[in-house]
>>> print(open('input-v2.csv').read())   # CSV, N, CA and C atoms
chain,number,residue,atom,x,y,z
A,1,MET,N,254.0,191.8,-64.5
A,1,MET,CA,253.2,191.8,-63.3
A,1,MET,C,253.9,191.3,-62.1
A,2,ARG,N,254.7,190.2,-62.3
A,2,ARG,CA,255.4,189.6,-61.1
A,2,ARG,C,256.4,190.7,-60.6
A,3,ARG,N,257.1,191.4,-61.5
A,3,ARG,CA,258.0,192.4,-61.0
A,3,ARG,C,257.4,193.5,-60.3
A,4,LEU,N,256.2,193.9,-60.8
A,4,LEU,CA,255.4,195.0,-60.2
A,4,LEU,C,255.0,194.6,-58.8
A,5,VAL,N,254.5,193.5,-58.6
A,5,VAL,CA,254.0,193.0,-57.3
A,5,VAL,C,255.3,192.9,-56.3
A,6,GLY,N,256.4,192.4,-56.9
A,6,GLY,CA,257.6,192.3,-56.1
A,6,GLY,C,258.1,193.6,-55.6
A,7,ARG,N,258.2,194.6,-56.5
A,7,ARG,CA,258.7,195.9,-56.2
A,7,ARG,C,257.7,196.6,-55.2
A,8,ASN,N,256.4,196.4,-55.3
A,8,ASN,CA,255.5,197.0,-54.4
A,8,ASN,C,255.6,196.4,-53.0
A,9,ALA,N,255.7,195.0,-53.0
A,9,ALA,CA,255.8,194.3,-51.7
A,9,ALA,C,257.1,194.8,-51.0
A,10,LEU,N,258.2,194.9,-51.7
A,10,LEU,CA,259.5,195.4,-51.1
A,10,LEU,C,259.3,196.8,-50.6
A,11,HIS,N,258.7,197.7,-51.4
A,11,HIS,CA,258.5,199.1,-51.0
A,11,HIS,C,257.7,199.1,-49.7
A,12,PHE,N,256.6,198.5,-49.6
A,12,PHE,CA,255.7,198.5,-48.4
A,12,PHE,C,256.4,197.9,-47.2
A,13,ARG,N,257.1,196.8,-47.5
A,13,ARG,CA,257.8,196.1,-46.4
A,13,ARG,C,258.9,197.0,-45.8
A,14,GLN,N,259.7,197.6,-46.6
A,14,GLN,CA,260.7,198.5,-46.1
A,14,GLN,C,260.1,199.8,-45.5
A,15,ALA,N,259.1,200.3,-46.1
A,15,ALA,CA,258.4,201.5,-45.5
A,15,ALA,C,257.9,201.2,-44.1
A,16,ARG,N,257.6,200.0,-43.8
A,16,ARG,CA,257.1,199.6,-42.4
A,16,ARG,C,258.2,199.1,-41.5
A,17,GLY,N,259.4,199.1,-42.0
A,17,GLY,CA,260.5,198.6,-41.2
A,17,GLY,C,260.5,197.2,-40.9
A,18,LEU,N,259.9,196.4,-41.8
A,18,LEU,CA,259.8,194.9,-41.6
A,18,LEU,C,261.0,194.2,-42.3
A,19,THR,N,261.5,193.1,-41.7
A,19,THR,CA,262.4,192.3,-42.4
A,19,THR,C,261.6,191.2,-43.2
A,20,GLN,N,262.2,190.5,-44.1
A,20,GLN,CA,261.6,189.5,-44.8
A,20,GLN,C,261.1,188.4,-43.8
A,21,GLU,N,261.9,188.2,-42.8
A,21,GLU,CA,261.5,187.2,-41.8
A,21,GLU,C,260.3,187.6,-41.0
A,22,ARG,N,260.2,188.8,-40.7
A,22,ARG,CA,259.0,189.3,-40.0
A,22,ARG,C,257.7,189.2,-40.9
A,23,LEU,N,257.9,189.7,-42.1
A,23,LEU,CA,256.8,189.6,-43.1
A,23,LEU,C,256.3,188.1,-43.2
A,24,SER,N,257.3,187.2,-43.3
A,24,SER,CA,257.0,185.8,-43.3
A,24,SER,C,256.1,185.4,-42.2
A,25,GLU,N,256.5,185.8,-41.0
A,25,GLU,CA,255.7,185.4,-39.8
A,25,GLU,C,254.3,186.0,-39.9
A,26,LEU,N,254.2,187.2,-40.3
A,26,LEU,CA,252.9,187.9,-40.3
A,26,LEU,C,252.0,187.3,-41.4
A,27,SER,N,252.6,186.9,-42.5
A,27,SER,CA,251.8,186.4,-43.7
A,27,SER,C,251.6,184.9,-43.7
A,28,GLY,N,252.4,184.2,-43.0
A,28,GLY,CA,252.3,182.7,-43.0
A,28,GLY,C,253.0,182.1,-44.2
A,29,LEU,N,253.8,182.9,-44.9
A,29,LEU,CA,254.5,182.4,-46.1
A,29,LEU,C,256.0,182.3,-45.6
A,30,THR,N,256.8,181.5,-46.4
A,30,THR,CA,258.2,181.3,-46.0
A,30,THR,C,259.0,182.6,-46.4
A,31,GLN,N,260.1,182.7,-45.7
A,31,GLN,CA,261.0,183.8,-46.1
A,31,GLN,C,261.5,183.6,-47.5
A,32,GLN,N,261.7,182.4,-47.9
A,32,GLN,CA,262.2,182.1,-49.3
A,32,GLN,C,261.2,182.6,-50.3
A,33,TYR,N,259.9,182.4,-50.0
A,33,TYR,CA,258.8,182.8,-50.9
A,33,TYR,C,258.8,184.3,-51.0
A,34,ILE,N,258.9,185.0,-49.8
A,34,ILE,CA,258.9,186.5,-49.8
A,34,ILE,C,260.1,187.0,-50.6
A,35,SER,N,261.3,186.4,-50.5
A,35,SER,CA,262.4,186.8,-51.2
A,35,SER,C,262.2,186.6,-52.8
A,36,GLY,N,261.7,185.5,-53.1
A,36,GLY,CA,261.4,185.2,-54.6
A,36,GLY,C,260.4,186.1,-55.1
A,37,LEU,N,259.4,186.5,-54.3
A,37,LEU,CA,258.3,187.4,-54.7
A,37,LEU,C,258.9,188.8,-55.0
A,38,GLU,N,259.7,189.3,-54.0
A,38,GLU,CA,260.3,190.6,-54.2
A,38,GLU,C,261.3,190.7,-55.4
A,39,GLN,N,261.9,189.5,-55.7
A,39,GLN,CA,262.8,189.5,-56.9
A,39,GLN,C,262.0,189.3,-58.2
A,40,GLY,N,260.7,189.2,-58.1
A,40,GLY,CA,259.9,189.0,-59.3
A,40,GLY,C,259.9,187.6,-59.9
A,41,ARG,N,260.3,186.6,-59.1
A,41,ARG,CA,260.4,185.2,-59.6
A,41,ARG,C,259.2,184.4,-59.2
A,42,ARG,N,258.3,184.9,-58.4
A,42,ARG,CA,257.1,184.2,-58.0
A,42,ARG,C,255.9,184.8,-58.6
A,43,ASN,N,254.9,183.9,-58.9
A,43,ASN,CA,253.7,184.3,-59.5
A,43,ASN,C,252.6,184.1,-58.4
A,44,PRO,N,252.3,185.1,-57.6
A,44,PRO,CA,251.4,184.9,-56.5
A,44,PRO,C,250.0,184.7,-56.9
A,45,THR,N,249.3,183.9,-56.1
A,45,THR,CA,247.9,183.7,-56.3
A,45,THR,C,247.1,184.8,-55.7
A,46,VAL,N,245.8,184.9,-56.0
A,46,VAL,CA,245.0,185.9,-55.3
A,46,VAL,C,245.0,185.8,-53.8
A,47,VAL,N,245.0,184.6,-53.3
A,47,VAL,CA,245.0,184.3,-51.9
A,47,VAL,C,246.3,184.8,-51.3
A,48,THR,N,247.4,184.5,-52.0
A,48,THR,CA,248.7,185.0,-51.5
A,48,THR,C,248.8,186.5,-51.5
A,49,LEU,N,248.3,187.2,-52.5
A,49,LEU,CA,248.2,188.6,-52.6
A,49,LEU,C,247.5,189.1,-51.3
A,50,PHE,N,246.4,188.5,-51.0
A,50,PHE,CA,245.6,188.9,-49.9
A,50,PHE,C,246.3,188.8,-48.6
A,51,GLU,N,247.0,187.6,-48.4
A,51,GLU,CA,247.8,187.4,-47.2
A,51,GLU,C,248.9,188.4,-47.0
A,52,ILE,N,249.6,188.7,-48.1
A,52,ILE,CA,250.7,189.6,-48.0
A,52,ILE,C,250.2,191.0,-47.8
A,53,ALA,N,249.1,191.4,-48.4
A,53,ALA,CA,248.5,192.7,-48.2
A,53,ALA,C,248.0,192.9,-46.8
A,54,GLN,N,247.4,191.9,-46.2
A,54,GLN,CA,247.0,191.9,-44.8
A,54,GLN,C,248.2,192.1,-43.9
A,55,ALA,N,249.2,191.4,-44.1
A,55,ALA,CA,250.4,191.5,-43.3
A,55,ALA,C,251.1,192.9,-43.4
A,56,LEU,N,251.0,193.5,-44.6
A,56,LEU,CA,251.6,194.8,-44.8
A,56,LEU,C,250.7,196.0,-44.4
A,57,GLY,N,249.4,195.7,-44.2
A,57,GLY,CA,248.5,196.7,-43.9
A,57,GLY,C,248.1,197.6,-45.1
A,58,VAL,N,248.1,196.9,-46.3
A,58,VAL,CA,247.6,197.6,-47.5
A,58,VAL,C,246.5,196.8,-48.1
A,59,THR,N,245.9,197.3,-49.2
A,59,THR,CA,244.9,196.5,-49.9
A,59,THR,C,245.6,195.7,-51.0
A,60,PRO,N,245.0,194.6,-51.4
A,60,PRO,CA,245.6,193.8,-52.5
A,60,PRO,C,245.8,194.7,-53.8
A,61,ALA,N,244.9,195.6,-54.0
A,61,ALA,CA,245.0,196.5,-55.2
A,61,ALA,C,246.3,197.3,-55.1
A,62,GLU,N,246.7,197.7,-53.9
A,62,GLU,CA,248.0,198.5,-53.8
A,62,GLU,C,249.2,197.7,-54.2
A,63,LEU,N,249.1,196.4,-54.1
A,63,LEU,CA,250.2,195.5,-54.5
A,63,LEU,C,250.3,195.4,-56.0
A,64,ILE,N,249.2,195.7,-56.8
A,64,ILE,CA,249.2,195.5,-58.2
A,64,ILE,C,249.1,196.8,-58.9
A,65,THR,N,249.2,197.9,-58.2
A,65,THR,CA,249.1,199.3,-58.8
A,65,THR,C,250.5,199.9,-58.9
A,66,PRO,N,250.9,200.4,-60.0
A,66,PRO,CA,252.3,201.0,-60.1
A,66,PRO,C,252.4,202.2,-59.1
A,67,LEU,N,253.5,202.2,-58.4
A,67,LEU,CA,253.7,203.4,-57.5
A,67,LEU,C,254.2,204.5,-58.3
A,68,PRO,N,254.0,205.8,-57.8
A,68,PRO,CA,254.6,206.9,-58.5
A,68,PRO,C,256.1,206.8,-58.6
A,69,ARG,N,256.6,207.2,-59.7
A,69,ARG,CA,258.1,207.2,-59.8
A,69,ARG,C,258.7,208.3,-59.1
A,70,LYS,N,259.9,208.0,-58.5
A,70,LYS,CA,260.7,209.1,-57.8
A,70,LYS,C,261.4,209.9,-58.9
A,71,GLU,N,261.4,211.2,-58.7
A,71,GLU,CA,262.1,212.1,-59.7
A,71,GLU,C,263.2,212.8,-59.1
>>> encode(input="input-v2.csv", output="structure tokens")
Amino acid sequence: MRRLVGRNALHFRQARGLTQERLSELSGLTQQYISGLEQGRRNPTVVTLFEIAQALGVTPAELITPLPRKE
């Protein structure tokens, strides 16, 4: 689950052209936390998922739902 959330956060961040630093500013989390999350090393709380989703303009459910695989 940690890796899934990290991959999705990375996907949505890059799709919006945001740096980790900018996502950090928008979410109120540190850049180090964002980095660890994207690497699947952080276990986000429900509140953290909400903050990241708000900053990315997605729903929290989108952060925990597998994205379609590229073929």
>>> closest_residue(input="input-v2.csv", among="A:Leu63, A:Arg41, A:Thr48, A:Ala53", to="Arg2 (chain A)", atoms="only C-alpha atoms")
A:Arg41
>>> closest_residue(input="input-v2.csv", among="A:Asn8, A:Thr59, A:Gln14, A:Thr19", to="Leu37 (chain A)", atoms="only C-alpha atoms")
A:Asn8
>>> atom_distance(input="input-v2.csv", atom1="CA of Pro68 (chain A)", atom2="CA of Leu18 (chain A)")
21.4 Å
>>> closest_residue(input="input-v2.csv", among="A:Gln39, A:Ile34, A:Val58, A:Leu26", to="Phe12 (chain A)", atoms="only C-alpha atoms")
A:Val58
>>> closest_residue(input="input-v2.csv", among="A:Glu62, A:Ile52, A:Gly40, A:Val46", to="Met1 (chain A)", atoms="only N, CA and C atoms")
A:Gly40
>>> closest_residue(input="input-v2.csv", among="A:Gly28, A:Glu38, A:Phe50, A:Pro66", to="Leu10 (chain A)", atoms="only N, CA and C atoms")
A:Glu38
>>> atom_distance(input="input-v2.csv", atom1="CA of Ala61 (chain A)", atom2="CA of Ser24 (chain A)")
20.0 Å
>>> residues_around(input="input-v2.csv", residues="Ser27 (chain A)", least_positions_apart="3", cutoff="7 Å", atoms="only N, CA and C atoms", output="PyMOL selection string")
chain A and resi 22-24+30+51-52+54-55
>>> write_last_selection(input="input-v2.csv", atoms="N, CA and C atoms", output="mmCIF file, in the coordinates of the input")
data_model
loop_
_atom_site.group_PDB
_atom_site.id
_atom_site.type_symbol
_atom_site.label_atom_id
_atom_site.label_comp_id
_atom_site.auth_asym_id
_atom_site.auth_seq_id
_atom_site.Cartn_x
_atom_site.Cartn_y
_atom_site.Cartn_z
ATOM 1 N N ARG A 22 260.200 188.800 -40.700
ATOM 2 C CA ARG A 22 259.000 189.300 -40.000
ATOM 3 C C ARG A 22 257.700 189.200 -40.900
ATOM 4 N N LEU A 23 257.900 189.700 -42.100
ATOM 5 C CA LEU A 23 256.800 189.600 -43.100
ATOM 6 C C LEU A 23 256.300 188.100 -43.200
ATOM 7 N N SER A 24 257.300 187.200 -43.300
ATOM 8 C CA SER A 24 257.000 185.800 -43.300
ATOM 9 C C SER A 24 256.100 185.400 -42.200
ATOM 10 N N THR A 30 256.800 181.500 -46.400
ATOM 11 C CA THR A 30 258.200 181.300 -46.000
ATOM 12 C C THR A 30 259.000 182.600 -46.400
ATOM 13 N N GLU A 51 247.000 187.600 -48.400
ATOM 14 C CA GLU A 51 247.800 187.400 -47.200
ATOM 15 C C GLU A 51 248.900 188.400 -47.000
ATOM 16 N N ILE A 52 249.600 188.700 -48.100
ATOM 17 C CA ILE A 52 250.700 189.600 -48.000
ATOM 18 C C ILE A 52 250.200 191.000 -47.800
ATOM 19 N N GLN A 54 247.400 191.900 -46.200
ATOM 20 C CA GLN A 54 247.000 191.900 -44.800
ATOM 21 C C GLN A 54 248.200 192.100 -43.900
ATOM 22 N N ALA A 55 249.200 191.400 -44.100
ATOM 23 C CA ALA A 55 250.400 191.500 -43.300
ATOM 24 C C ALA A 55 251.100 192.900 -43.400
#
>>> closest_residue(input="input-v2.csv", among="A:Lys70, A:Pro60, A:Gly17, A:Gly6", to="Gly36 (chain A)", atoms="only C-alpha atoms")
A:Gly6
>>> atom_distance(input="input-v2.csv", atom1="CA of Leu29 (chain A)", atom2="CA of Leu67 (chain A)")
23.9 Å
>>> build_atoms(input="input-v2.csv", residues="region 10-35 of chain A", atoms="N, CA, C and O atoms", output="mmCIF file, in the frame of the given file")
data_model
loop_
_atom_site.group_PDB
_atom_site.id
_atom_site.type_symbol
_atom_site.label_atom_id
_atom_site.label_comp_id
_atom_site.auth_asym_id
_atom_site.auth_seq_id
_atom_site.Cartn_x
_atom_site.Cartn_y
_atom_site.Cartn_z
ATOM 1 N N LEU A 10 258.200 194.900 -51.700
ATOM 2 C CA LEU A 10 259.500 195.400 -51.100
ATOM 3 C C LEU A 10 259.300 196.800 -50.600
ATOM 4 O O LEU A 10 259.726 197.088 -49.499
ATOM 5 N N HIS A 11 258.700 197.700 -51.400
ATOM 6 C CA HIS A 11 258.500 199.100 -51.000
ATOM 7 C C HIS A 11 257.700 199.100 -49.700
ATOM 8 O O HIS A 11 258.131 199.810 -48.748
ATOM 9 N N PHE A 12 256.600 198.500 -49.600
ATOM 10 C CA PHE A 12 255.700 198.500 -48.400
ATOM 11 C C PHE A 12 256.400 197.900 -47.200
ATOM 12 O O PHE A 12 256.258 198.350 -46.120
ATOM 13 N N ARG A 13 257.100 196.800 -47.500
ATOM 14 C CA ARG A 13 257.800 196.100 -46.400
ATOM 15 C C ARG A 13 258.900 197.000 -45.800
ATOM 16 O O ARG A 13 258.933 197.203 -44.557
ATOM 17 N N GLN A 14 259.700 197.600 -46.600
ATOM 18 C CA GLN A 14 260.700 198.500 -46.100
ATOM 19 C C GLN A 14 260.100 199.800 -45.500
ATOM 20 O O GLN A 14 260.664 200.241 -44.487
ATOM 21 N N ALA A 15 259.100 200.300 -46.100
ATOM 22 C CA ALA A 15 258.400 201.500 -45.500
ATOM 23 C C ALA A 15 257.900 201.200 -44.100
ATOM 24 O O ALA A 15 257.833 202.160 -43.262
ATOM 25 N N ARG A 16 257.600 200.000 -43.800
ATOM 26 C CA ARG A 16 257.100 199.600 -42.400
ATOM 27 C C ARG A 16 258.200 199.100 -41.500
ATOM 28 O O ARG A 16 257.928 198.691 -40.407
ATOM 29 N N GLY A 17 259.400 199.100 -42.000
ATOM 30 C CA GLY A 17 260.500 198.600 -41.200
ATOM 31 C C GLY A 17 260.500 197.200 -40.900
ATOM 32 O O GLY A 17 261.042 196.729 -39.903
ATOM 33 N N LEU A 18 259.900 196.400 -41.800
ATOM 34 C CA LEU A 18 259.800 194.900 -41.600
ATOM 35 C C LEU A 18 261.000 194.200 -42.300
ATOM 36 O O LEU A 18 261.350 194.583 -43.439
ATOM 37 N N THR A 19 261.500 193.100 -41.700
ATOM 38 C CA THR A 19 262.400 192.300 -42.400
ATOM 39 C C THR A 19 261.600 191.200 -43.200
ATOM 40 O O THR A 19 260.369 191.058 -42.964
ATOM 41 N N GLN A 20 262.200 190.500 -44.100
ATOM 42 C CA GLN A 20 261.600 189.500 -44.800
ATOM 43 C C GLN A 20 261.100 188.400 -43.800
ATOM 44 O O GLN A 20 260.010 187.823 -43.971
ATOM 45 N N GLU A 21 261.900 188.200 -42.800
ATOM 46 C CA GLU A 21 261.500 187.200 -41.800
ATOM 47 C C GLU A 21 260.300 187.600 -41.000
ATOM 48 O O GLU A 21 259.382 186.712 -40.814
ATOM 49 N N ARG A 22 260.200 188.800 -40.700
ATOM 50 C CA ARG A 22 259.000 189.300 -40.000
ATOM 51 C C ARG A 22 257.700 189.200 -40.900
ATOM 52 O O ARG A 22 256.663 188.838 -40.424
ATOM 53 N N LEU A 23 257.900 189.700 -42.100
ATOM 54 C CA LEU A 23 256.800 189.600 -43.100
ATOM 55 C C LEU A 23 256.300 188.100 -43.200
ATOM 56 O O LEU A 23 255.151 187.829 -43.327
ATOM 57 N N SER A 24 257.300 187.200 -43.300
ATOM 58 C CA SER A 24 257.000 185.800 -43.300
ATOM 59 C C SER A 24 256.100 185.400 -42.200
ATOM 60 O O SER A 24 255.141 184.673 -42.366
ATOM 61 N N GLU A 25 256.500 185.800 -41.000
ATOM 62 C CA GLU A 25 255.700 185.400 -39.800
ATOM 63 C C GLU A 25 254.300 186.000 -39.900
ATOM 64 O O GLU A 25 253.355 185.287 -39.525
ATOM 65 N N LEU A 26 254.200 187.200 -40.300
ATOM 66 C CA LEU A 26 252.900 187.900 -40.300
ATOM 67 C C LEU A 26 252.000 187.300 -41.400
ATOM 68 O O LEU A 26 250.768 187.292 -41.262
ATOM 69 N N SER A 27 252.600 186.900 -42.500
ATOM 70 C CA SER A 27 251.800 186.400 -43.700
ATOM 71 C C SER A 27 251.600 184.900 -43.700
ATOM 72 O O SER A 27 250.659 184.451 -44.381
ATOM 73 N N GLY A 28 252.400 184.200 -43.000
ATOM 74 C CA GLY A 28 252.300 182.700 -43.000
ATOM 75 C C GLY A 28 253.000 182.100 -44.200
ATOM 76 O O GLY A 28 252.844 180.927 -44.454
ATOM 77 N N LEU A 29 253.800 182.900 -44.900
ATOM 78 C CA LEU A 29 254.500 182.400 -46.100
ATOM 79 C C LEU A 29 256.000 182.300 -45.600
ATOM 80 O O LEU A 29 256.407 182.840 -44.624
ATOM 81 N N THR A 30 256.800 181.500 -46.400
ATOM 82 C CA THR A 30 258.200 181.300 -46.000
ATOM 83 C C THR A 30 259.000 182.600 -46.400
ATOM 84 O O THR A 30 258.619 183.311 -47.308
ATOM 85 N N GLN A 31 260.100 182.700 -45.700
ATOM 86 C CA GLN A 31 261.000 183.800 -46.100
ATOM 87 C C GLN A 31 261.500 183.600 -47.500
ATOM 88 O O GLN A 31 261.717 184.601 -48.225
ATOM 89 N N GLN A 32 261.700 182.400 -47.900
ATOM 90 C CA GLN A 32 262.200 182.100 -49.300
ATOM 91 C C GLN A 32 261.200 182.600 -50.300
ATOM 92 O O GLN A 32 261.509 183.085 -51.350
ATOM 93 N N TYR A 33 259.900 182.400 -50.000
ATOM 94 C CA TYR A 33 258.800 182.800 -50.900
ATOM 95 C C TYR A 33 258.800 184.300 -51.000
ATOM 96 O O TYR A 33 258.703 184.881 -52.063
ATOM 97 N N ILE A 34 258.900 185.000 -49.800
ATOM 98 C CA ILE A 34 258.900 186.500 -49.800
ATOM 99 C C ILE A 34 260.100 187.000 -50.600
ATOM 100 O O ILE A 34 259.943 187.899 -51.461
ATOM 101 N N SER A 35 261.300 186.400 -50.500
ATOM 102 C CA SER A 35 262.400 186.800 -51.200
ATOM 103 C C SER A 35 262.200 186.600 -52.800
ATOM 104 O O SER A 35 262.471 187.508 -53.542
#
